[in-house]
>>> print(open('structure_22.cif').read())   # mmCIF, C-alpha atoms
data_entry
#
loop_
_atom_site.label_atom_id
_atom_site.label_comp_id
_atom_site.auth_asym_id
_atom_site.auth_seq_id
_atom_site.Cartn_x
_atom_site.Cartn_y
_atom_site.Cartn_z
CA MET A 1 17.28 27.78 -6.17
CA SER A 2 14.64 26.39 -3.79
CA LEU A 3 13.10 22.98 -4.36
CA ALA A 4 9.63 24.49 -4.48
CA SER A 5 10.57 26.67 -7.46
CA LEU A 6 11.79 23.85 -9.68
CA ALA A 7 9.74 23.04 -12.74
CA PRO A 8 8.92 19.39 -13.53
CA SER A 9 10.92 19.56 -16.76
CA ASP A 10 14.17 20.67 -15.12
CA ALA A 11 17.15 18.55 -16.17
CA GLY A 12 15.20 15.91 -18.08
CA LEU A 13 13.10 12.91 -17.15
CA MET A 14 14.72 12.40 -13.74
CA GLY A 15 15.70 16.02 -13.17
CA TRP A 16 13.24 16.31 -10.31
CA TRP A 17 15.29 13.65 -8.48
CA ARG A 18 18.76 15.00 -9.28
CA VAL A 19 18.04 18.55 -8.13
CA ALA A 20 16.29 17.53 -4.93
CA PRO A 21 18.05 18.01 -1.57
CA SER A 22 19.60 14.87 -0.07
CA GLN A 23 17.09 14.98 2.79
CA ALA A 24 14.17 14.64 0.36
CA ARG A 25 15.90 11.84 -1.56
CA ARG A 26 16.63 9.89 1.62
CA ALA A 27 13.02 10.29 2.72
CA LEU A 28 11.81 8.86 -0.59
CA VAL A 29 14.29 5.99 -0.50
CA ALA A 30 13.30 5.13 3.07
CA ALA A 31 9.56 5.21 2.38
CA SER A 32 10.02 3.24 -0.86
CA MET A 33 12.17 0.57 0.77
CA GLY A 34 9.74 0.30 3.67
CA TRP A 35 6.84 -0.15 1.25
CA ALA A 36 8.73 -2.67 -0.90
CA LEU A 37 9.64 -4.73 2.15
CA ASP A 38 6.05 -4.42 3.34
CA ALA A 39 4.90 -5.96 0.04
CA PHE A 40 7.60 -8.62 0.28
CA ASP A 41 6.41 -9.78 3.69
CA VAL A 42 2.67 -9.43 3.16
CA MET A 43 2.51 -11.14 -0.24
CA LEU A 44 4.48 -14.20 0.86
CA PHE A 45 1.17 -15.54 2.17
CA SER A 46 -0.66 -15.29 -1.16
CA LEU A 47 2.29 -16.86 -2.96
CA THR A 48 2.47 -19.83 -0.57
CA LEU A 49 -1.30 -20.16 -0.16
CA SER A 50 -1.76 -23.41 -2.05
CA ALA A 51 1.02 -25.06 0.00
CA VAL A 52 -0.40 -23.73 3.29
CA ILE A 53 -3.88 -24.97 2.35
CA ALA A 54 -2.49 -28.44 1.60
CA GLU A 55 -0.39 -28.83 4.75
CA LEU A 56 -2.76 -27.30 7.31
CA GLY A 57 -5.91 -28.67 5.69
CA LEU A 58 -7.57 -25.28 5.27
CA THR A 59 -10.62 -24.58 3.16
CA LYS A 60 -10.52 -21.71 0.63
CA ALA A 61 -12.92 -19.80 2.91
CA GLN A 62 -10.51 -20.20 5.86
CA ALA A 63 -7.57 -19.16 3.71
CA GLY A 64 -9.53 -16.12 2.58
CA ALA A 65 -10.35 -15.33 6.19
CA LEU A 66 -6.61 -15.22 6.99
CA GLY A 67 -6.18 -12.61 4.26
CA SER A 68 -9.12 -10.65 5.65
CA ILE A 69 -7.67 -10.75 9.16
CA THR A 70 -4.42 -9.28 7.80
CA LEU A 71 -6.34 -6.40 6.24
CA LEU A 72 -8.29 -5.72 9.43
CA GLY A 73 -4.96 -5.58 11.27
CA GLY A 74 -3.76 -3.18 8.57
CA ALA A 75 -6.73 -0.89 9.18
CA ALA A 76 -6.01 -0.78 12.90
CA GLY A 77 -2.30 -0.25 12.25
CA GLY A 78 -2.97 2.63 9.88
CA LEU A 79 -5.09 4.43 12.46
CA PHE A 80 -2.71 3.83 15.36
CA PHE A 81 0.57 4.54 13.58
CA GLY A 82 -0.95 7.54 11.82
CA TRP A 83 -1.50 9.02 15.27
CA VAL A 84 2.01 7.97 16.30
CA ALA A 85 3.47 9.67 13.20
CA ASP A 86 1.65 12.93 13.96
CA ARG A 87 2.58 12.86 17.63
CA TYR A 88 6.10 11.40 17.68
CA GLY A 89 7.41 11.67 14.11
CA ARG A 90 7.16 10.05 10.70
CA THR A 91 10.44 8.11 10.89
CA ARG A 92 9.82 6.74 14.38
CA SER A 93 6.44 5.46 13.26
CA MET A 94 7.98 3.87 10.17
CA ILE A 95 10.68 2.08 12.16
CA ALA A 96 8.14 0.61 14.58
CA SER A 97 5.91 -0.51 11.72
CA VAL A 98 8.69 -2.27 9.82
CA LEU A 99 9.89 -4.06 12.94
CA LEU A 100 6.36 -5.25 13.67
CA TYR A 101 5.61 -6.73 10.26
CA SER A 102 9.09 -8.30 10.00
CA VAL A 103 8.92 -10.13 13.31
CA PHE A 104 5.42 -11.48 12.78
CA THR A 105 6.03 -12.51 9.19
CA ALA A 106 8.77 -14.78 10.49
CA ALA A 107 6.43 -15.98 13.24
CA CYS A 108 3.95 -17.17 10.60
CA GLY A 109 6.47 -19.89 9.78
CA LEU A 110 5.86 -21.37 13.24
CA SER A 111 2.09 -21.74 12.74
CA ASN A 112 0.51 -25.16 13.08
CA THR A 113 -3.17 -24.21 13.26
CA PHE A 114 -5.55 -21.74 11.67
CA TRP A 115 -5.80 -19.72 14.88
CA GLN A 116 -2.04 -19.42 15.33
CA PHE A 117 -1.76 -18.20 11.75
CA ALA A 118 -4.62 -15.75 12.33
CA PHE A 119 -2.93 -14.26 15.40
CA PHE A 120 0.39 -13.70 13.63
CA ARG A 121 -1.28 -12.32 10.50
CA ALA A 122 -3.27 -9.81 12.56
CA LEU A 123 -0.10 -8.45 14.18
CA LEU A 124 1.71 -8.44 10.83
CA GLY A 125 -1.20 -6.40 9.48
CA LEU A 126 -0.71 -3.75 12.18
CA GLY A 127 2.77 -3.07 10.85
CA MET A 128 1.65 -3.19 7.22
CA GLY A 129 -0.98 -0.50 7.78
CA GLY A 130 1.34 1.67 9.81
CA GLU A 131 4.13 1.77 7.23
CA TRP A 132 2.00 3.34 4.51
CA ALA A 133 0.57 6.05 6.78
CA SER A 134 3.99 7.18 8.02
CA GLY A 135 5.77 6.77 4.67
CA ALA A 136 3.16 8.70 2.67
CA ALA A 137 3.27 11.61 5.13
CA LEU A 138 7.07 11.60 5.10
CA VAL A 139 7.27 11.81 1.29
CA SER A 140 4.36 14.25 0.92
CA GLU A 141 6.01 16.74 3.28
CA SER A 142 9.50 16.32 1.84
CA TRP A 143 8.61 17.13 -1.78
CA PRO A 144 6.82 20.18 -3.28
CA ALA A 145 3.61 20.04 -5.32
CA LYS A 146 5.53 20.10 -8.64
CA SER A 147 7.36 16.88 -7.78
CA ARG A 148 5.05 15.30 -5.23
CA GLY A 149 3.09 13.21 -7.71
CA ARG A 150 6.18 11.55 -9.14
CA ALA A 151 7.81 11.09 -5.74
CA LEU A 152 4.72 9.34 -4.38
CA ALA A 153 4.44 7.34 -7.61
CA PHE A 154 7.97 5.99 -7.16
CA MET A 155 7.25 5.24 -3.52
CA GLN A 156 4.11 3.34 -4.47
CA SER A 157 5.89 1.52 -7.31
CA ALA A 158 8.17 -0.08 -4.74
CA TRP A 159 5.26 -2.37 -3.85
CA ALA A 160 5.64 -4.08 -7.23
CA ILE A 161 9.37 -4.55 -6.61
CA GLY A 162 8.69 -6.12 -3.22
CA PHE A 163 5.96 -8.33 -4.68
CA ALA A 164 8.29 -9.49 -7.47
CA ALA A 165 11.07 -10.18 -4.94
CA ALA A 166 8.65 -12.26 -2.88
CA ALA A 167 7.60 -14.27 -5.93
CA THR A 168 11.25 -14.86 -6.83
CA VAL A 169 12.10 -16.05 -3.32
CA VAL A 170 9.07 -18.36 -3.26
CA GLY A 171 10.05 -19.81 -6.63
CA PHE A 172 13.47 -20.81 -5.28
CA VAL A 173 12.76 -21.58 -1.61
CA LEU A 174 9.29 -23.18 -1.53
CA PRO A 175 9.97 -26.27 -3.71
CA THR A 176 13.09 -27.20 -1.74
CA TYR A 177 12.60 -25.96 1.82
CA GLY A 178 8.84 -25.55 2.17
CA TRP A 179 6.55 -22.65 3.00
CA ARG A 180 7.80 -22.23 6.58
CA ALA A 181 11.30 -21.33 5.39
CA VAL A 182 9.76 -18.71 3.09
CA PHE A 183 8.21 -16.93 6.07
CA PHE A 184 11.41 -17.09 8.10
CA ILE A 185 13.10 -15.01 5.39
CA GLY A 186 10.55 -12.31 6.19
CA ILE A 187 12.59 -11.22 9.23
CA LEU A 188 15.19 -9.57 6.97
CA PRO A 189 13.42 -6.17 6.62
CA ALA A 190 14.01 -5.57 10.33
CA PHE A 191 17.64 -4.75 9.53
CA PHE A 192 16.53 -1.93 7.21
CA THR A 193 15.35 0.05 10.23
CA LEU A 194 18.98 0.55 11.35
CA TRP A 195 19.63 2.69 8.26
CA VAL A 196 16.39 4.65 8.67
CA ARG A 197 17.21 5.48 12.28
CA ARG A 198 20.69 6.70 11.34
CA SER A 199 20.07 8.47 8.03
CA VAL A 200 16.52 9.80 7.62
CA GLU A 201 15.38 13.08 9.17
CA GLU A 202 11.88 14.23 9.98
CA PRO A 203 10.42 16.63 7.37
CA ASP A 204 10.68 20.34 8.13
CA ALA A 205 6.89 20.77 8.36
CA TRP A 206 6.64 18.25 11.19
CA LYS A 207 9.79 19.49 12.95
CA SER A 208 8.48 23.07 12.99
CA LEU A 209 5.16 21.96 14.39
CA HIS A 210 6.81 19.76 17.01
CA ALA A 211 9.18 22.55 18.07
CA ALA A 212 6.25 24.94 18.47
CA ARG A 213 4.43 22.47 20.70
CA LEU A 214 7.50 21.87 22.84
CA ASP A 215 8.09 25.61 23.15
CA ALA A 216 4.51 26.21 24.18
CA LYS A 217 4.76 23.47 26.78
CA ARG A 218 8.04 24.87 28.11
CA THR A 219 6.72 28.45 28.36
CA GLY A 220 3.35 27.41 29.74
CA ALA A 221 1.32 28.87 26.86
CA ALA A 222 -2.34 28.38 27.59
CA LYS A 223 -3.32 27.67 24.00
CA LEU A 224 -1.43 27.13 20.75
CA PRO A 225 -2.57 28.79 17.53
CA ASP A 226 -4.95 26.59 15.57
CA ALA A 227 -2.27 25.85 12.94
CA GLN A 228 0.06 24.44 15.61
CA ARG A 229 -2.18 22.62 18.08
CA MET A 230 -2.60 18.84 17.97
CA HIS A 231 -5.95 18.20 16.30
CA SER A 232 -8.14 15.14 16.67
CA VAL A 233 -8.53 12.82 13.70
CA PHE A 234 -12.27 13.40 14.10
CA ASP A 235 -11.73 16.89 12.70
CA ILE A 236 -11.71 15.29 9.24
CA PHE A 237 -15.46 14.71 9.66
CA ARG A 238 -16.32 18.29 10.59
CA GLY A 239 -17.73 20.93 8.27
CA ALA A 240 -16.78 20.82 4.61
CA MET A 241 -14.28 18.00 5.22
CA PHE A 242 -16.97 15.42 5.92
CA LYS A 243 -18.07 14.92 2.31
CA ARG A 244 -14.58 14.62 0.89
CA THR A 245 -13.42 12.33 3.72
CA ALA A 246 -16.38 10.02 3.20
CA ALA A 247 -15.86 10.03 -0.58
CA VAL A 248 -12.13 9.25 -0.66
CA THR A 249 -12.50 6.63 2.08
CA PHE A 250 -15.29 4.86 0.18
CA MET A 251 -13.42 5.14 -3.12
CA ASN A 252 -10.31 3.64 -1.57
CA ALA A 253 -12.33 0.86 0.06
CA CYS A 254 -13.59 -0.14 -3.39
CA THR A 255 -10.13 -0.04 -4.97
CA LEU A 256 -8.63 -2.09 -2.14
CA PHE A 257 -11.46 -4.62 -2.39
CA GLY A 258 -10.66 -5.06 -6.06
CA TRP A 259 -6.89 -5.18 -5.52
CA TRP A 260 -6.92 -7.73 -2.71
CA GLY A 261 -9.59 -9.78 -4.44
CA MET A 262 -7.28 -9.92 -7.44
CA ASN A 263 -3.80 -10.24 -5.95
CA GLY A 264 -4.81 -12.25 -2.91
CA TRP A 265 -6.04 -15.06 -5.14
CA ILE A 266 -4.27 -14.90 -8.52
CA PRO A 267 -1.30 -16.99 -7.28
CA ALA A 268 -3.70 -19.61 -5.92
CA TYR A 269 -5.76 -19.53 -9.13
CA LEU A 270 -2.61 -20.24 -11.11
CA SER A 271 -1.30 -23.02 -8.86
CA LEU A 272 -4.35 -24.84 -7.44
CA PRO A 273 -5.30 -28.06 -9.28
CA ALA A 274 -8.24 -28.03 -11.68
CA THR A 275 -10.29 -30.07 -9.19
CA GLN A 276 -10.16 -27.05 -6.85
CA GLY A 277 -10.93 -24.45 -9.52
CA GLY A 278 -7.36 -23.51 -10.45
CA ILE A 279 -5.37 -24.24 -13.58
CA GLY A 280 -2.68 -26.41 -11.97
CA LEU A 281 0.56 -24.65 -12.88
CA SER A 282 3.79 -25.57 -11.11
CA THR A 283 5.19 -23.32 -8.38
CA ALA A 284 8.00 -22.21 -10.69
CA THR A 285 5.62 -21.30 -13.53
CA MET A 286 3.25 -19.52 -11.17
CA SER A 287 6.12 -17.49 -9.74
CA LYS A 288 7.31 -16.47 -13.22
CA LEU A 289 3.83 -15.30 -14.23
CA VAL A 290 3.46 -13.29 -11.02
CA VAL A 291 6.92 -11.72 -11.43
CA PHE A 292 6.06 -10.73 -15.00
CA MET A 293 2.83 -9.15 -13.76
CA GLN A 294 4.87 -6.93 -11.47
CA LEU A 295 6.51 -5.32 -14.50
CA GLY A 296 3.07 -4.04 -15.49
CA MET A 297 2.33 -3.06 -11.91
CA TRP A 298 5.56 -1.06 -11.60
CA LEU A 299 4.96 0.71 -14.91
CA GLY A 300 1.40 1.48 -13.83
CA TYR A 301 2.56 3.09 -10.60
CA VAL A 302 5.33 5.17 -12.19
CA SER A 303 3.41 6.19 -15.29
CA PHE A 304 0.56 7.53 -13.19
CA GLY A 305 2.88 10.07 -11.57
CA TYR A 306 4.23 11.30 -14.90
CA ILE A 307 0.87 11.31 -16.71
CA THR A 308 -0.77 13.37 -13.97
CA ASP A 309 1.93 16.02 -14.38
CA VAL A 310 0.32 16.93 -17.70
CA MET A 311 -3.25 15.66 -17.34
CA SER A 312 -6.01 15.85 -14.75
CA ARG A 313 -5.31 13.40 -11.93
CA LYS A 314 -9.05 12.83 -11.59
CA LYS A 315 -9.49 11.79 -15.23
CA VAL A 316 -6.43 9.53 -15.20
CA TYR A 317 -7.66 7.85 -12.00
CA VAL A 318 -11.00 7.05 -13.66
CA VAL A 319 -9.36 5.65 -16.82
CA TYR A 320 -7.16 3.29 -14.78
CA LEU A 321 -10.12 2.10 -12.70
CA LEU A 322 -12.32 1.44 -15.73
CA GLY A 323 -9.49 -0.49 -17.38
CA ALA A 324 -9.13 -2.69 -14.30
CA SER A 325 -12.88 -3.33 -14.10
CA LEU A 326 -12.84 -4.75 -17.64
CA LEU A 327 -9.56 -6.70 -17.64
CA LEU A 328 -9.80 -8.56 -14.33
CA PRO A 329 -12.89 -10.66 -15.24
CA LEU A 330 -11.25 -11.43 -18.60
CA TYR A 331 -8.15 -12.72 -16.78
CA GLY A 332 -10.31 -15.05 -14.68
CA SER A 333 -11.76 -16.61 -17.84
CA LEU A 334 -8.37 -17.69 -19.21
CA SER A 335 -6.41 -20.88 -18.57
CA ASN A 336 -3.76 -20.77 -21.31
CA PRO A 337 -0.41 -19.83 -19.66
CA LEU A 338 0.72 -17.81 -22.69
CA LEU A 339 -2.44 -15.69 -22.70
CA LEU A 340 -2.18 -15.21 -18.94
CA LEU A 341 1.44 -14.15 -19.40
CA LEU A 342 0.45 -11.54 -21.99
CA LEU A 343 -2.63 -10.18 -20.19
CA GLY A 344 -1.22 -10.23 -16.65
CA PRO A 345 0.91 -7.06 -16.91
CA PHE A 346 -2.05 -5.08 -18.31
CA VAL A 347 -4.30 -6.23 -15.46
CA ALA A 348 -1.65 -5.20 -12.96
CA PHE A 349 -0.97 -1.89 -14.77
CA PHE A 350 -4.56 -0.67 -14.62
CA GLY A 351 -5.48 -2.49 -11.40
CA THR A 352 -2.76 -0.89 -9.28
CA GLY A 353 -1.24 2.19 -10.94
CA PHE A 354 -3.83 4.63 -9.59
CA PHE A 355 -2.69 4.02 -6.00
CA SER A 356 0.21 6.35 -6.77
CA GLY A 357 -2.24 9.24 -6.66
CA PHE A 358 -3.92 8.50 -3.34
CA GLY A 359 -1.12 9.81 -1.15
CA ALA A 360 -1.09 13.13 -3.00
CA VAL A 361 -4.89 13.44 -2.97
CA THR A 362 -5.12 13.02 0.79
CA ALA A 363 -1.97 15.04 1.56
CA GLU A 364 -3.49 18.03 -0.21
CA MET A 365 -6.81 17.72 1.62
CA TYR A 366 -5.57 17.88 5.20
CA PRO A 367 -3.30 20.15 7.32
CA THR A 368 0.08 19.07 8.72
CA GLN A 369 -1.11 18.53 12.30
CA ILE A 370 -3.49 15.72 11.26
CA ARG A 371 -2.08 14.73 7.85
CA ALA A 372 -0.67 11.33 8.79
CA SER A 373 -3.72 10.50 10.90
CA ALA A 374 -6.05 11.50 8.06
CA GLN A 375 -4.03 9.56 5.47
CA GLY A 376 -3.94 6.56 7.78
CA PHE A 377 -7.70 6.78 8.31
CA THR A 378 -8.79 7.25 4.70
CA TYR A 379 -6.45 4.55 3.41
CA ASN A 380 -6.87 1.99 6.16
CA ILE A 381 -10.55 2.30 6.97
CA GLY A 382 -10.85 1.29 3.34
CA ARG A 383 -9.01 -1.85 4.36
CA ILE A 384 -11.81 -2.76 6.77
CA ALA A 385 -14.23 -2.94 3.86
CA SER A 386 -11.64 -4.55 1.62
CA ALA A 387 -11.00 -7.17 4.31
CA ALA A 388 -14.08 -8.88 2.94
CA ALA A 389 -12.35 -9.34 -0.43
CA PRO A 390 -10.13 -12.39 0.24
CA PHE A 391 -12.98 -14.20 2.00
CA THR A 392 -15.57 -13.19 -0.61
CA VAL A 393 -13.40 -14.15 -3.58
CA GLY A 394 -12.38 -17.41 -1.89
CA SER A 395 -16.01 -18.32 -1.17
CA LEU A 396 -17.18 -17.39 -4.66
CA ALA A 397 -14.29 -19.30 -6.22
CA THR A 398 -15.51 -22.38 -4.35
CA SER A 399 -19.18 -22.05 -5.28
CA ARG A 400 -19.12 -20.25 -8.66
CA GLY A 401 -15.56 -20.45 -9.94
CA PHE A 402 -12.75 -17.92 -10.25
CA GLN A 403 -14.25 -16.14 -13.27
CA THR A 404 -17.28 -15.05 -11.25
CA ALA A 405 -15.12 -14.25 -8.23
CA PHE A 406 -12.81 -11.99 -10.25
CA ALA A 407 -15.84 -10.34 -11.92
CA VAL A 408 -17.10 -9.30 -8.49
CA ALA A 409 -13.67 -7.86 -7.69
CA GLY A 410 -13.75 -6.03 -11.02
CA SER A 411 -17.12 -4.47 -10.20
CA ALA A 412 -15.52 -2.84 -7.14
CA TYR A 413 -13.14 -0.97 -9.46
CA LEU A 414 -16.14 0.29 -11.46
CA LEU A 415 -17.83 1.56 -8.30
CA ALA A 416 -14.62 3.37 -7.32
CA ALA A 417 -14.54 5.10 -10.72
CA LEU A 418 -18.10 6.35 -10.21
CA THR A 419 -17.20 7.76 -6.79
CA TRP A 420 -14.79 10.24 -8.39
CA SER A 421 -17.82 12.31 -9.43
CA VAL A 422 -17.90 13.75 -5.88
CA ILE A 423 -14.16 13.96 -5.09
CA PRO A 424 -12.61 17.44 -5.57
CA ASN A 425 -9.49 17.93 -7.68
CA THR A 426 -6.78 19.44 -5.41
CA GLN A 427 -3.96 18.77 -7.88
CA GLY A 428 -1.01 21.19 -7.55
CA LYS A 429 -1.82 22.49 -4.08
CA GLU A 430 1.26 23.43 -2.01
CA LEU A 431 1.35 22.05 1.54
CA GLU A 432 1.68 24.63 4.31
#
>>> encode(input="structure_22.cif", output="structure tokens")
Amino acid sequence: MSLASLAPSDAGLMGWWRVAPSQARRALVAASMGWALDAFDVMLFSLTLSAVIAELGLTKAQAGALGSITLLGGAAGGLFFGWVADRYGRTRSMIASVLLYSVFTAACGLSNTFWQFAFFRALLGLGMGGEWASGAALVSESWPAKSRGRALAFMQSAWAIGFAAAATVVGFVLPTYGWRAVFFIGILPAFFTLWVRRSVEEPDAWKSLHAARLDAKRTGAAKLPDAQRMHSVFDIFRGAMFKRTAAVTFMNACTLFGWWGMNGWIPAYLSLPATQGGIGLSTATMSKLVVFMQLGMWLGYVSFGYITDVMSRKKVYVVYLLGASLLLPLYGSLSNPLLLLLLGPFVAFFGTGFFSGFGAVTAEMYPTQIRASAQGFTYNIGRIASAAAPFTVGSLATSRGFQTAFAVAGSAYLLAALTWSVIPNTQGKELE
């Protein structure tokens, strides 16, 4: 029985995983681990932010600017490594991305000034952006339409696992060894690339395309068929593709603005003293609240994949976004740790779960020869706009308080929901 012919209900809740070929499972494990380790490295900054501010004497605006610089690096990394993934392979691009963000996460621990930190965060961001572009293409091409939503949902859910792992490490390491030691631990994901290089194959769609290009080069063919030639990423702006490219890029920019405005500052909101607008929780308590939030985040990611198997992906996307737009401002109005503990998982559930659908949406919109480039563009150009989020929220938190700052982030989710009125529903489309 071919993988493409399997129904979602085969063999129970996880039947789609058990019946999949080992190549597809390894691709999903690799992309998920890469994304989890990406989250682990990237979110160490948010979790240590109050300590970094105190030791280096940064303002909240400067701290927000460091977060924005990371996102700008992520946008550049998504574009560059998307091209690398299309040209040289999904796994090669992933390996290079993971190595880049691992090395420069550790380098952040050597920073003594704002500008040193900014330099290392920019290079870390390059790797962060590149990992998603290559991993999403790898999973999209390894799984059929019937299972693609759940496969990408599990890949995306790994971010919550990495975030929770980072919060756990910070809770143990920061009070005893300081924030620099936390960043040094960020080198560990580099060792994961050894397994990827040895165990994960390129998807058949990319291998076929690559073989055709090599054959044409060897035989001196003057021109490849359109389905096999290397397209330019600018093709996504031509003809009928322009409207959908503009729409999904803008929608993702809004969601990323909301997400980074929320998650880039929630740890600081919990741990900064009341004189600086926070609620003054200890590092250990802050870490526990953030870890508990990741339970909601993980459930949000995974549930999205299963729900969209039986419901319209478009409608589910809008429901999640509207939920986030309402809950985030409410979270910023609370100071009671118990209420924050109870509401946090719901904020994370609705504020992140929809990202599980973005890889499938963009995979179904674009052909194999530009898929990774297009996914890298639509996801990471959104990061350029969202790069304003950490700085904006940090500045508003200083002048108006965190409740207003989180309300602005929540309004970005609302705008993203409205954008779905012009995004087509490609759900269930098989990739060529």
>>> resolve_selection(input="structure_22.cif", expression="the PyMOL selection byres ((chain A and resi 315) around 12)", output="MDAnalysis selection string")
chainID A and resid 304 307:308 310:314 316:322 354 357 417:418 420:421 423:425 427
>>> closest_residue(input="structure_22.cif", among="A:Met128, A:Leu341, A:Val393, A:Val200", to="Phe406 in chain A", atoms="only C-alpha atoms")
A:Val393
>>> atom_distance(input="structure_22.cif", atom1="CA of Gly410 in chain A", atom2="CA of Ala348 in chain A")
12.3 Å
>>> axis_aligned_box(input="structure_22.cif", around="range 280-296 of chain A", padding_each_side="3 Å", output="JSON")
{"center_x": 2.7, "center_y": -15.2, "center_z": -11.9, "size_x": 16.7, "size_y": 28.4, "size_z": 13.1}
>>> residues_around(input="structure_22.cif", residues="Val29 in chain A", least_positions_apart="5", cutoff="9 Å", atoms="all atoms listed in the file", output="VMD selection string")
chain A and resid 24 34 155
>>> closest_residue(input="structure_22.cif", among="A:Ala246, A:Leu342, A:Leu295, A:Val139", to="Ala164 in chain A", atoms="only C-alpha atoms")
A:Leu295
>>> closest_residue(input="structure_22.cif", among="A:Ala387, A:Ala85, A:Ala133, A:Leu299", to="Trp206 in chain A", atoms="all atoms listed in the file")
A:Ala85
>>> resolve_selection(input="structure_22.cif", expression="the PyMOL selection byres ((chain A and resi 47) around 10)", output="NGL selection string")
:A and (42-46 or 48-52 or 163 or 166-171 or 174 or 179 or 182 or 263-268 or 271 or 283 or 286-287 or 290)
>>> atom_distance(input="structure_22.cif", atom1="CA of Ile53 in chain A", atom2="CA of Val291 in chain A")
22.0 Å
>>> residues_around(input="structure_22.cif", residues="range 96-99 of chain A", least_positions_apart="6", cutoff="8 Å", atoms="all atoms listed in the file", output="list of chain:residue names")
A:Gly34, A:Asp38, A:Phe81, A:Leu126, A:Gly127, A:Met128, A:Gly129, A:Gly130, A:Glu131, A:Pro189, A:Ala190, A:Thr193
>>> decode(input="structure_22.cif", residues="range 105-118 of chain A", atoms="C-alpha atoms", output="PDB file, in the first residue's frame")
ATOM      1  CA  THR A 105      23.987  31.247  20.831  1.00  0.00           C
ATOM      2  CA  ALA A 106      27.062  30.172  22.766  1.00  0.00           C
ATOM      3  CA  ALA A 107      28.856  33.316  21.592  1.00  0.00           C
ATOM      4  CA  CYS A 108      26.142  35.458  23.209  1.00  0.00           C
ATOM      5  CA  GLY A 109      27.554  34.344  26.547  1.00  0.00           C
ATOM      6  CA  LEU A 110      30.747  36.261  25.735  1.00  0.00           C
ATOM      7  CA  SER A 111      28.960  39.586  25.183  1.00  0.00           C
ATOM      8  CA  ASN A 112      29.946  42.581  27.279  1.00  0.00           C
ATOM      9  CA  THR A 113      28.238  45.372  25.339  1.00  0.00           C
ATOM     10  CA  PHE A 114      24.988  45.989  23.504  1.00  0.00           C
ATOM     11  CA  TRP A 115      26.745  45.945  20.127  1.00  0.00           C
ATOM     12  CA  GLN A 116      28.514  42.643  20.762  1.00  0.00           C
ATOM     13  CA  PHE A 117      25.193  41.112  21.744  1.00  0.00           C
ATOM     14  CA  ALA A 118      23.554  42.596  18.643  1.00  0.00           C
TER      15      ALA A 118
END
